[in-house]
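The file query_30.cif contains mmCIF, C-alpha atoms (C1' of nucleotides):
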```
data_start
loop_
_atom_site.label_atom_id
_atom_site.label_comp_id
_atom_site.auth_asym_id
_atom_site.auth_seq_id
_atom_site.Cartn_x
_atom_site.Cartn_y
_atom_site.Cartn_z
CA MET C 2 176.43 107.10 98.30
CA ALA C 3 179.77 107.01 100.05
CA THR C 4 181.81 110.16 100.33
CA SER C 5 185.42 110.63 101.40
CA PRO C 6 185.57 110.19 105.17
CA ILE C 7 187.54 113.40 105.68
CA PRO C 8 186.68 115.55 102.69
CA SER C 9 188.91 118.49 103.56
CA ALA C 10 191.95 116.35 104.27
CA LYS C 11 192.94 115.53 100.74
CA ASN C 12 196.42 114.03 100.78
CA SER C 13 196.59 114.72 104.51
CA LEU C 14 199.34 112.14 104.96
CA LEU C 15 201.52 114.26 102.68
CA LYS C 16 201.45 117.23 105.05
CA LEU C 17 204.39 117.98 107.30
CA GLU C 18 202.22 118.38 110.37
CA ASN C 19 200.84 114.87 109.96
CA GLN C 20 204.23 113.26 109.69
CA LEU C 21 205.46 111.11 112.52
CA CYS C 22 209.00 110.93 111.19
CA PHE C 23 209.64 114.65 111.05
CA PRO C 24 209.40 115.08 114.85
CA PHE C 25 212.05 112.37 115.23
CA TYR C 26 214.28 114.19 112.78
CA ALA C 27 213.70 117.55 114.45
CA VAL C 28 213.99 116.30 118.04
CA SER C 29 217.21 114.49 117.22
CA ARG C 30 218.77 117.68 115.85
CA LEU C 31 217.47 119.79 118.71
CA LEU C 32 218.88 117.31 121.24
CA THR C 33 222.29 117.48 119.57
CA LYS C 34 222.05 121.25 119.69
CA ALA C 35 221.10 121.11 123.38
CA TYR C 36 224.22 119.04 124.10
CA GLN C 37 226.43 121.47 122.21
CA PRO C 38 227.06 124.08 124.94
CA LEU C 39 227.70 121.33 127.49
CA LEU C 40 230.08 119.37 125.26
CA GLN C 41 231.79 122.40 123.81
CA ALA C 42 233.31 123.01 127.23
CA LEU C 43 235.04 119.64 126.83
CA GLY C 44 235.90 120.23 123.16
CA LEU C 45 233.58 117.40 122.10
CA THR C 46 230.92 116.92 119.45
CA TYR C 47 227.89 114.73 120.15
CA PRO C 48 229.06 111.73 118.07
CA GLN C 49 232.46 111.96 119.77
CA TYR C 50 230.69 111.98 123.15
CA LEU C 51 228.90 108.77 122.16
CA VAL C 52 232.25 107.14 121.31
CA PHE C 53 233.52 108.20 124.71
CA LEU C 54 230.51 106.71 126.51
CA LEU C 55 231.54 103.35 125.07
CA LEU C 56 235.26 103.78 125.71
CA TRP C 57 234.76 104.98 129.29
CA GLU C 58 232.83 101.79 129.93
CA HIS C 59 234.90 99.29 127.95
CA GLY C 60 238.37 100.83 127.74
CA GLN C 61 238.96 99.51 124.26
CA LEU C 62 236.85 98.38 121.32
CA THR C 63 237.41 97.69 117.65
CA VAL C 64 236.03 100.01 114.98
CA LYS C 65 233.61 97.24 114.07
CA GLU C 66 232.31 97.01 117.65
CA LEU C 67 231.90 100.78 117.88
CA GLY C 68 230.02 100.72 114.60
CA GLU C 69 227.72 97.94 115.75
CA LYS C 70 226.85 99.70 119.00
CA LEU C 71 226.42 103.17 117.48
CA LEU C 72 224.92 101.96 114.18
CA LEU C 73 227.56 103.93 112.29
CA ASP C 74 229.82 102.69 109.49
CA SER C 75 233.55 103.16 108.98
CA GLY C 76 233.00 106.01 106.54
CA THR C 77 231.73 108.01 109.50
CA LEU C 78 233.88 106.55 112.25
CA THR C 79 237.32 106.50 110.61
CA PRO C 80 237.71 110.28 110.16
CA LEU C 81 235.98 110.95 113.49
CA LEU C 82 238.35 108.58 115.33
CA LYS C 83 241.36 110.08 113.55
CA ARG C 84 240.39 113.51 114.85
CA MET C 85 240.01 112.09 118.36
CA ALA C 86 243.38 110.31 118.09
CA GLN C 87 245.05 113.56 117.04
CA LYS C 88 243.93 115.05 120.37
CA GLN C 89 245.56 112.12 122.22
CA TRP C 90 242.17 111.01 123.55
CA LEU C 91 242.54 107.52 122.10
CA SER C 92 244.95 105.33 120.13
CA ARG C 93 244.39 103.44 116.87
CA ARG C 94 246.34 100.29 116.12
CA ARG C 95 245.81 97.08 114.15
CA ASP C 96 245.03 93.94 116.11
CA PRO C 97 248.18 91.78 115.65
CA ARG C 98 246.01 88.65 115.82
CA ASP C 99 243.75 89.93 112.99
CA GLU C 100 245.31 92.66 110.96
CA ARG C 101 241.94 93.58 109.48
CA SER C 102 240.71 94.91 112.82
CA VAL C 103 241.63 98.28 114.29
CA ILE C 104 241.63 98.54 118.08
CA ILE C 105 240.59 101.86 119.57
CA GLU C 106 241.95 102.29 123.09
CA LEU C 107 241.18 105.03 125.60
CA LEU C 108 244.24 107.13 126.52
CA PRO C 109 244.77 109.03 129.83
CA ALA C 110 243.65 112.35 128.31
CA GLY C 111 240.42 110.65 127.29
CA ARG C 112 239.92 109.15 130.71
CA THR C 113 240.32 112.61 132.22
CA LEU C 114 237.27 113.80 130.31
CA GLU C 115 235.05 111.23 132.02
CA ALA C 116 234.96 113.18 135.29
CA GLN C 117 234.28 116.45 133.45
CA ALA C 118 231.40 114.84 131.57
CA GLY C 119 229.85 113.46 134.76
CA PRO C 120 227.15 116.15 135.17
CA VAL C 121 226.14 116.16 131.49
CA PRO C 122 223.35 113.51 131.68
CA GLU C 123 221.60 115.27 134.55
CA GLN C 124 221.93 118.62 132.80
CA MET C 125 220.30 117.16 129.70
CA LEU C 126 217.48 115.63 131.71
CA GLY C 127 216.89 119.06 133.14
CA LYS C 128 216.59 120.55 129.67
CA MET C 129 214.10 117.90 128.59
CA GLN C 130 211.68 118.55 131.45
CA MET C 131 210.10 115.11 131.40
CA SER C 132 208.78 112.98 134.22
CA ALA C 133 210.25 109.57 134.99
CA GLU C 134 207.06 108.02 133.65
CA GLU C 135 207.29 109.88 130.36
CA ILE C 136 210.92 108.89 129.98
CA ALA C 137 210.17 105.25 130.71
CA ALA C 138 207.29 105.23 128.23
CA LEU C 139 209.39 106.90 125.56
CA ARG C 140 212.22 104.45 126.08
CA VAL C 141 209.83 101.55 125.40
CA HIS C 142 208.54 103.05 122.15
CA LEU C 143 211.99 104.05 120.95
CA THR C 144 213.46 100.64 121.67
CA HIS C 145 210.61 99.04 119.78
CA LEU C 146 211.19 101.28 116.79
CA LEU C 147 214.92 100.73 116.98
CA THR C 148 214.61 96.95 116.77
CA GLN C 149 211.95 97.33 114.08
CA LEU C 150 214.19 99.46 111.88
CA ALA C 151 217.68 98.14 112.63
CA MET L 2 225.87 103.88 157.54
CA ALA L 3 224.53 104.77 154.12
CA THR L 4 225.89 103.07 151.05
CA SER L 5 225.44 103.90 147.39
CA PRO L 6 221.91 102.91 146.40
CA ILE L 7 223.08 100.99 143.34
CA PRO L 8 226.65 99.98 144.15
CA SER L 9 227.38 98.30 140.84
CA ALA L 10 226.03 101.15 138.77
CA LYS L 11 228.86 103.64 139.22
CA ASN L 12 228.44 106.35 136.63
CA SER L 13 225.51 104.44 135.16
CA LEU L 14 224.19 107.62 133.53
CA LEU L 15 227.39 107.74 131.49
CA LYS L 16 226.67 104.45 129.75
CA LEU L 17 225.29 104.36 126.23
CA GLU L 18 222.56 101.89 127.11
CA ASN L 19 221.17 104.25 129.74
CA GLN L 20 221.02 107.23 127.42
CA LEU L 21 217.64 108.50 126.33
CA CYS L 22 219.07 110.74 123.64
CA PHE L 23 220.97 108.08 121.74
CA PRO L 24 217.78 106.23 120.68
CA PHE L 25 216.46 109.48 119.24
CA TYR L 26 219.67 109.95 117.30
CA ALA L 27 219.70 106.34 116.11
CA VAL L 28 215.98 106.17 115.25
CA SER L 29 216.19 109.41 113.31
CA ARG L 30 219.02 108.06 111.16
CA LEU L 31 217.33 104.69 110.71
CA LEU L 32 214.11 106.40 109.64
CA THR L 33 215.99 108.44 107.05
CA LYS L 34 217.59 105.24 105.84
CA ALA L 35 214.18 103.56 105.66
CA TYR L 36 212.92 106.40 103.45
CA GLN L 37 215.92 106.14 101.16
CA PRO L 38 214.78 103.30 98.85
CA LEU L 39 211.32 104.89 98.57
CA LEU L 40 212.63 108.38 97.83
CA GLN L 41 215.49 107.25 95.62
CA ALA L 42 212.89 106.20 93.06
CA LEU L 43 211.88 109.87 92.91
CA GLY L 44 215.46 111.16 92.99
CA LEU L 45 214.84 112.76 96.39
CA THR L 46 216.71 112.92 99.68
CA TYR L 47 214.78 113.02 102.96
CA PRO L 48 215.36 116.76 103.63
CA GLN L 49 214.30 117.49 100.05
CA TYR L 50 211.15 115.42 100.62
CA LEU L 51 210.37 117.56 103.67
CA VAL L 52 210.71 120.72 101.57
CA PHE L 53 208.31 119.21 99.05
CA LEU L 54 205.75 118.35 101.75
CA LEU L 55 205.57 122.08 102.49
CA LEU L 56 205.57 123.19 98.86
CA TRP L 57 202.93 120.67 97.82
CA GLU L 58 200.69 122.14 100.51
CA HIS L 59 201.50 125.82 100.16
CA GLY L 60 202.72 126.23 96.61
CA GLN L 61 205.24 128.87 97.58
CA LEU L 62 207.08 129.92 100.70
CA THR L 63 210.06 132.10 101.53
CA VAL L 64 213.35 130.59 102.67
CA LYS L 65 212.64 132.05 106.08
CA GLU L 66 209.26 130.31 106.29
CA LEU L 67 210.75 127.00 105.19
CA GLY L 68 213.44 127.40 107.83
CA GLU L 69 210.92 128.16 110.55
CA LYS L 70 208.78 125.15 109.74
CA LEU L 71 211.68 122.71 109.29
CA LEU L 72 213.89 124.21 112.00
CA LEU L 73 216.71 124.55 109.49
CA ASP L 74 218.85 127.60 108.79
CA SER L 75 219.90 129.12 105.48
CA GLY L 76 223.29 127.46 105.65
CA THR L 77 221.46 124.17 105.16
CA LEU L 78 218.59 125.32 103.00
CA THR L 79 220.35 127.55 100.46
CA PRO L 80 222.52 124.84 98.85
CA LEU L 81 219.73 122.26 99.17
CA LEU L 82 217.25 124.58 97.40
CA LYS L 83 219.81 125.40 94.71
CA ARG L 84 220.15 121.69 93.92
CA MET L 85 216.36 121.38 93.76
CA ALA L 86 216.11 124.45 91.52
CA GLN L 87 218.70 122.98 89.17
CA LYS L 88 216.35 120.03 88.63
CA GLN L 89 213.53 122.44 87.73
CA TRP L 90 211.50 121.30 90.74
CA LEU L 91 211.21 124.84 92.12
CA SER L 92 212.16 128.43 91.36
CA ARG L 93 214.11 130.90 93.49
CA ARG L 94 213.50 134.62 93.13
CA ARG L 95 213.68 137.72 95.30
CA ASP L 96 210.42 139.17 96.55
CA PRO L 97 210.13 142.50 94.68
CA ARG L 98 208.31 143.99 97.69
CA ASP L 99 211.15 143.02 100.03
CA GLU L 100 214.37 142.25 98.26
CA ARG L 101 215.75 140.55 101.37
CA SER L 102 213.31 137.66 100.99
CA VAL L 103 213.71 134.81 98.54
CA ILE L 104 210.51 133.17 97.35
CA ILE L 105 210.62 129.45 96.66
CA GLU L 106 207.85 128.41 94.26
CA LEU L 107 206.82 124.93 93.19
CA LEU L 108 207.28 124.27 89.46
CA PRO L 109 205.31 121.76 87.35
CA ALA L 110 208.06 119.14 87.57
CA GLY L 111 207.87 119.42 91.34
CA ARG L 112 204.09 119.12 91.33
CA THR L 113 204.40 115.96 89.26
CA LEU L 114 206.33 114.31 92.07
CA GLU L 115 203.42 114.74 94.47
CA ALA L 116 201.43 111.92 92.89
CA GLN L 117 204.47 109.65 92.82
CA ALA L 118 205.12 110.33 96.50
CA GLY L 119 201.52 109.55 97.43
CA PRO L 120 202.09 106.00 98.72
CA VAL L 121 205.25 106.89 100.68
CA PRO L 122 203.60 107.69 104.06
CA GLU L 123 201.70 104.39 104.13
CA GLN L 124 204.81 102.48 103.11
CA MET L 125 206.72 104.04 105.99
CA LEU L 126 203.94 103.27 108.47
CA GLY L 127 204.22 99.68 107.31
CA LYS L 128 207.93 99.63 108.04
CA MET L 129 207.42 101.04 111.51
CA GLN L 130 204.95 98.35 112.58
CA MET L 131 203.25 100.44 115.24
CA SER L 132 199.63 100.52 116.35
CA ALA L 133 197.54 103.66 116.07
CA GLU L 134 197.68 103.95 119.87
CA GLU L 135 201.46 103.76 119.94
CA ILE L 136 201.73 106.35 117.21
CA ALA L 137 199.35 108.70 118.99
CA ALA L 138 201.24 108.30 122.27
CA LEU L 139 204.57 108.90 120.58
CA ARG L 140 203.28 112.00 118.85
CA VAL L 141 202.31 113.49 122.21
CA HIS L 142 205.73 112.89 123.75
CA LEU L 143 207.59 114.09 120.68
CA THR L 144 205.54 117.26 120.44
CA HIS L 145 206.18 117.96 124.09
CA LEU L 146 209.93 117.50 123.64
CA LEU L 147 209.88 119.59 120.49
CA THR L 148 208.32 122.58 122.23
CA GLN L 149 210.59 122.06 125.21
CA LEU L 150 213.74 122.15 123.08
CA ALA L 151 212.81 124.55 120.29
"C1'" DT A 13 247.22 73.66 100.18
"C1'" DA A 14 245.64 76.57 96.41
"C1'" DA A 15 241.58 79.04 94.96
"C1'" DA A 16 237.37 81.22 96.23
"C1'" DA A 17 234.64 83.62 99.51
"C1'" DA A 18 234.01 86.46 103.45
"C1'" DT A 19 235.46 89.98 106.74
"C1'" DT A 20 237.18 94.45 108.07
"C1'" DA A 21 238.77 99.22 107.39
"C1'" DA A 22 239.84 102.81 104.50
"C1'" DT A 23 238.78 105.79 100.71
"C1'" DT A 24 235.96 108.63 97.67
"C1'" DG A 25 232.20 111.47 96.57
"C1'" DT A 26 227.74 113.64 97.66
"C1'" DG A 27 224.67 115.83 100.73
"C1'" DC A 28 223.29 117.61 104.81
"C1'" DA A 29 223.81 120.48 109.48
"C1'" DC A 30 225.25 124.32 111.83
"C1'" DA A 31 228.28 128.11 113.86
"C1'" DA A 32 230.19 132.31 112.50
"C1'" DT A 33 230.56 135.97 109.48
"C1'" DC A 34 229.21 139.00 105.80
"C1'" DA A 35 226.39 141.95 102.78
"C1'" DA A 36 222.30 143.88 101.20
"C1'" DA A 37 217.87 145.72 102.12
"C1'" DC A 38 214.54 147.51 105.12
"C1'" DA A 39 212.83 149.89 109.36
"C1'" DT A 40 213.31 153.10 113.06
"C1'" DT A 41 214.38 157.21 115.16
"C1'" DA A 42 216.96 161.13 116.52
"C1'" DT K 11 216.72 162.49 106.03
"C1'" DA K 12 220.83 160.69 107.91
"C1'" DA K 13 222.47 157.50 111.22
"C1'" DT K 14 221.48 153.38 113.65
"C1'" DG K 15 219.74 149.02 114.22
"C1'" DT K 16 217.22 144.90 112.45
"C1'" DT K 17 216.04 141.42 109.19
"C1'" DT K 18 217.10 138.14 105.64
"C1'" DG K 19 220.00 135.17 102.80
"C1'" DA K 20 224.38 133.86 101.30
"C1'" DT K 21 228.97 132.32 102.26
"C1'" DT K 22 232.67 129.86 104.60
"C1'" DG K 23 234.56 126.26 107.22
"C1'" DT K 24 234.15 122.07 110.04
"C1'" DG K 25 232.11 117.76 111.04
"C1'" DC K 26 229.20 114.23 110.39
"C1'" DA K 27 226.44 110.40 107.53
"C1'" DC K 28 226.27 107.11 104.16
"C1'" DA K 29 226.55 104.64 99.51
"C1'" DA K 30 229.87 102.59 96.69
"C1'" DT K 31 234.31 101.00 95.87
"C1'" DT K 32 238.84 99.28 97.04
"C1'" DA K 33 242.46 96.80 99.48
"C1'" DA K 34 244.27 93.83 102.79
"C1'" DT K 35 243.64 89.94 105.54
"C1'" DT K 36 241.54 85.84 107.09
"C1'" DT K 37 238.58 81.88 106.53
"C1'" DT K 38 236.52 78.33 103.99
"C1'" DT K 39 236.36 74.92 100.68
"C1'" DA K 40 237.38 72.30 96.63
#
```

Go ahead and express the file in the form of structure tokens.
Amino acid sequence: MATSPIPSAKNSLLKLENQLCFPFYAVSRLLTKAYQPLLQALGLTYPQYLVFLLLWEHGQLTVKELGEKLLLDSGTLTPLLKRMAQKQWLSRRRDPRDERSVIIELLPAGRTLEAQAGPVPEQMLGKMQMSAEEIAALRVHLTHLLTQLA
Amino acid sequence: MATSPIPSAKNSLLKLENQLCFPFYAVSRLLTKAYQPLLQALGLTYPQYLVFLLLWEHGQLTVKELGEKLLLDSGTLTPLLKRMAQKQWLSRRRDPRDERSVIIELLPAGRTLEAQAGPVPEQMLGKMQMSAEEIAALRVHLTHLLTQLA
DNA sequence: TAAAAATTAATTGTGCACAATCAAACATTA
DNA sequence: TAATGTTTGATTGTGCACAATTAATTTTTA
């Protein structure tokens, strides 16, 4: 007569320790918290830092393009970008060729932050204490999940 | 005369696509969004679901214990638990033996949700489309990062 | 080209998330 | 035991995050 394969593990999938998603949730928050002391010196939050990564590379992008790359919608980006514009880090203006679009352009004060942020990636890698192999393996799994869920 | 090893990759670590942390941030949000339609049927948010995972297992816990297990502080938990108490899912009361502690206890309406949440973990595994090997490998890396950052 | 459909941001409302501060209760020790 | 220090939650204020709705503009199509 068949018995339950793991008798003591009733509802084991409904235990926090057996969740795969919770570690993602927790690691994500802990990573943001690990950035905080580094970014605070620049007056930045983590989502604002992500916007800067894109603007430092591309100079200017529309809100739609920022949202596509960061997987964030305008309800998140609009107030965030307004705060960044108030600090003269970037400008917001309608695209005259398509008045629906808003162009976000890096301003000199925002460009200045790029040099100050230079050491941040290495400092974070130091906090994570992972080998190049581990990082490469993780990147593969995360990219897979990202495409699976996006 | 030595040249830069990767001439075209000036500041490559300051590009979004080369970030390791961004995928964690994005995957975490996408996972929460993937839970949403499943949990909405129960009237739950993802953080509330995590609280329930602990209460279904332990029956009752203090706010401090919940915070330690979920890595959340009282500024997050107090209002969240008040909303859950308002729905009669749990009770909040001071521990008479130590009036500083607040005991969170599962109520019948909260226990009822356990059965309804039963299929959720399998449904999420289906959405993630990962092999048992991938999941096991990910769990190792995530646990390592968690202990490294916590 | 006039009407219908689609695109793009902004707005509104709810719910986290966390730093900083506060207040109450408990523990320690001089 | 009285003063000091610690623990525990609650509160306050700021900043995301996202669903749902709205408004303006552009594109498509009848």

Pull out every residue that the PyMOL selection byres ((chain A and resi 19-32) around 9) matches in the shown coordinates and put them as a PDB file with C-alpha atoms (C1' of nucleotides), in the coordinates of the input.
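Generated output (result-v8.pdb):
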```
ATOM      1  CA  ARG C  30     218.770 117.680 115.850  1.00  0.00           C
ATOM      2  CA  VAL C  64     236.030 100.010 114.980  1.00  0.00           C
ATOM      3  CA  LYS C  65     233.610  97.240 114.070  1.00  0.00           C
ATOM      4  CA  SER C  75     233.550 103.160 108.980  1.00  0.00           C
ATOM      5  CA  GLY C  76     233.000 106.010 106.540  1.00  0.00           C
ATOM      6  CA  THR C  79     237.320 106.500 110.610  1.00  0.00           C
ATOM      7  CA  GLU C 100     245.310  92.660 110.960  1.00  0.00           C
ATOM      8  CA  ARG C 101     241.940  93.580 109.480  1.00  0.00           C
ATOM      9  CA  SER C 102     240.710  94.910 112.820  1.00  0.00           C
ATOM     10  CA  VAL C 103     241.630  98.280 114.290  1.00  0.00           C
TER      11      VAL C 103
ATOM     12  CA  THR L  46     216.710 112.920  99.680  1.00  0.00           C
ATOM     13  CA  PRO L  48     215.360 116.760 103.630  1.00  0.00           C
ATOM     14  CA  LEU L  73     216.710 124.550 109.490  1.00  0.00           C
ATOM     15  CA  ASP L  74     218.850 127.600 108.790  1.00  0.00           C
ATOM     16  CA  GLY L  76     223.290 127.460 105.650  1.00  0.00           C
ATOM     17  CA  THR L  77     221.460 124.170 105.160  1.00  0.00           C
ATOM     18  CA  LEU L  81     219.730 122.260  99.170  1.00  0.00           C
TER      19      LEU L  81
ATOM     20  C1'  DA A  18     234.010  86.460 103.450  1.00  0.00           C
ATOM     21  C1'  DT A  33     230.560 135.970 109.480  1.00  0.00           C
TER      22       DT A  33
ATOM     23  C1'  DT K  22     232.670 129.860 104.600  1.00  0.00           C
ATOM     24  C1'  DG K  25     232.110 117.760 111.040  1.00  0.00           C
ATOM     25  C1'  DC K  26     229.200 114.230 110.390  1.00  0.00           C
ATOM     26  C1'  DA K  27     226.440 110.400 107.530  1.00  0.00           C
ATOM     27  C1'  DA K  30     229.870 102.590  96.690  1.00  0.00           C
ATOM     28  C1'  DT K  31     234.310 101.000  95.870  1.00  0.00           C
ATOM     29  C1'  DT K  32     238.840  99.280  97.040  1.00  0.00           C
ATOM     30  C1'  DA K  33     242.460  96.800  99.480  1.00  0.00           C
ATOM     31  C1'  DA K  34     244.270  93.830 102.790  1.00  0.00           C
ATOM     32  C1'  DT K  35     243.640  89.940 105.540  1.00  0.00           C
ATOM     33  C1'  DT K  36     241.540  85.840 107.090  1.00  0.00           C
ATOM     34  C1'  DT K  37     238.580  81.880 106.530  1.00  0.00           C
TER      35       DT K  37
END
```

Residues in the PyMOL selection byres ((chain C and resi 82) around 12), expressed as a PyMOL selection string:
(chain C and resi 46+48-53+56+62-64+67-68+74-81+83-94+103-107) or (chain K and resi 25-26)

Save the residues we just selected, C-alpha atoms (C1' of nucleotides), as a PDB file, in the coordinates of the input?
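Wrote out_13.pdb, looks like this:
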```
ATOM      1  CA  THR C  46     230.920 116.920 119.450  1.00  0.00           C
ATOM      2  CA  PRO C  48     229.060 111.730 118.070  1.00  0.00           C
ATOM      3  CA  GLN C  49     232.460 111.960 119.770  1.00  0.00           C
ATOM      4  CA  TYR C  50     230.690 111.980 123.150  1.00  0.00           C
ATOM      5  CA  LEU C  51     228.900 108.770 122.160  1.00  0.00           C
ATOM      6  CA  VAL C  52     232.250 107.140 121.310  1.00  0.00           C
ATOM      7  CA  PHE C  53     233.520 108.200 124.710  1.00  0.00           C
ATOM      8  CA  LEU C  56     235.260 103.780 125.710  1.00  0.00           C
ATOM      9  CA  LEU C  62     236.850  98.380 121.320  1.00  0.00           C
ATOM     10  CA  THR C  63     237.410  97.690 117.650  1.00  0.00           C
ATOM     11  CA  VAL C  64     236.030 100.010 114.980  1.00  0.00           C
ATOM     12  CA  LEU C  67     231.900 100.780 117.880  1.00  0.00           C
ATOM     13  CA  GLY C  68     230.020 100.720 114.600  1.00  0.00           C
ATOM     14  CA  ASP C  74     229.820 102.690 109.490  1.00  0.00           C
ATOM     15  CA  SER C  75     233.550 103.160 108.980  1.00  0.00           C
ATOM     16  CA  GLY C  76     233.000 106.010 106.540  1.00  0.00           C
ATOM     17  CA  THR C  77     231.730 108.010 109.500  1.00  0.00           C
ATOM     18  CA  LEU C  78     233.880 106.550 112.250  1.00  0.00           C
ATOM     19  CA  THR C  79     237.320 106.500 110.610  1.00  0.00           C
ATOM     20  CA  PRO C  80     237.710 110.280 110.160  1.00  0.00           C
ATOM     21  CA  LEU C  81     235.980 110.950 113.490  1.00  0.00           C
ATOM     22  CA  LYS C  83     241.360 110.080 113.550  1.00  0.00           C
ATOM     23  CA  ARG C  84     240.390 113.510 114.850  1.00  0.00           C
ATOM     24  CA  MET C  85     240.010 112.090 118.360  1.00  0.00           C
ATOM     25  CA  ALA C  86     243.380 110.310 118.090  1.00  0.00           C
ATOM     26  CA  GLN C  87     245.050 113.560 117.040  1.00  0.00           C
ATOM     27  CA  LYS C  88     243.930 115.050 120.370  1.00  0.00           C
ATOM     28  CA  GLN C  89     245.560 112.120 122.220  1.00  0.00           C
ATOM     29  CA  TRP C  90     242.170 111.010 123.550  1.00  0.00           C
ATOM     30  CA  LEU C  91     242.540 107.520 122.100  1.00  0.00           C
ATOM     31  CA  SER C  92     244.950 105.330 120.130  1.00  0.00           C
ATOM     32  CA  ARG C  93     244.390 103.440 116.870  1.00  0.00           C
ATOM     33  CA  ARG C  94     246.340 100.290 116.120  1.00  0.00           C
ATOM     34  CA  VAL C 103     241.630  98.280 114.290  1.00  0.00           C
ATOM     35  CA  ILE C 104     241.630  98.540 118.080  1.00  0.00           C
ATOM     36  CA  ILE C 105     240.590 101.860 119.570  1.00  0.00           C
ATOM     37  CA  GLU C 106     241.950 102.290 123.090  1.00  0.00           C
ATOM     38  CA  LEU C 107     241.180 105.030 125.600  1.00  0.00           C
TER      39      LEU C 107
ATOM     40  C1'  DG K  25     232.110 117.760 111.040  1.00  0.00           C
ATOM     41  C1'  DC K  26     229.200 114.230 110.390  1.00  0.00           C
TER      42       DC K  26
END
```

Apply the PyMOL selection byres ((chain A and resi 13) around 12) to the structure shown and report the selected residues as a ChimeraX atom specification.
/A:14-15 /K:39-40

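Counting all atoms listed in the file and comparing K:DT38, K:DA29, K:DT17, K:DG23, the residue that lies closest to DA36 (chain A) is K:DT17.
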
For Leu72 (chain L), find every residue with an atom within 10 Å (counting only C-alpha atoms (C1' of nucleotides)), except residues of its own chain fewer than 6 positions away, and show them as a ChimeraX atom specification.
/C:27-28,30-31 /L:65-66,151

I need the chosen residues saved as a JSON list (two decimals), in the frame of the given file, with C-alpha atoms.
```json
[["chain", "number", "residue", "atom", "x", "y", "z"],
["C", 27, "ALA", "CA", 213.70, 117.55, 114.45],
["C", 28, "VAL", "CA", 213.99, 116.30, 118.04],
["C", 30, "ARG", "CA", 218.77, 117.68, 115.85],
["C", 31, "LEU", "CA", 217.47, 119.79, 118.71],
["L", 65, "LYS", "CA", 212.64, 132.05, 106.08],
["L", 66, "GLU", "CA", 209.26, 130.31, 106.29],
["L", 151, "ALA", "CA", 212.81, 124.55, 120.29]]
```

Please identify all polymer residues lying at most 12 Å from the point (201.6, 102.1, 119.4) (file coordinates), using all atoms listed in the file, and present the result as number ranges by chain.
C: 21, 138-139, 141-143, 145-146; L: 126, 129-141

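With CA of Arg95 (chain L) on one side and CA of Glu69 (chain L) on the other, the separation reads 18.2 Å.
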
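The residues of chain K lying at most 8 Å from chain L, with all atoms listed in the file taken into account, are DT17, DT18, DG19 and DA20 of chain K.
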
Check: which chain C residues lie within 6 Å of chain L using only C-alpha atoms, as a ChimeraX atom specification
/C:15-17,25-26,28-29,54,147

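Separating CA of Gly60 (chain C) from CA of Gly127 (chain C) is a distance of 28.7 Å.
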
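A straight line drawn from C1' of DC38 (chain A) to C1' of DT21 (chain K) is 21.1 Å long.
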
DA12 (chain K) environment, 12 Å, all atoms listed in the file, sequence neighbours closer than 4 positions dropped, as a count of residues only
3
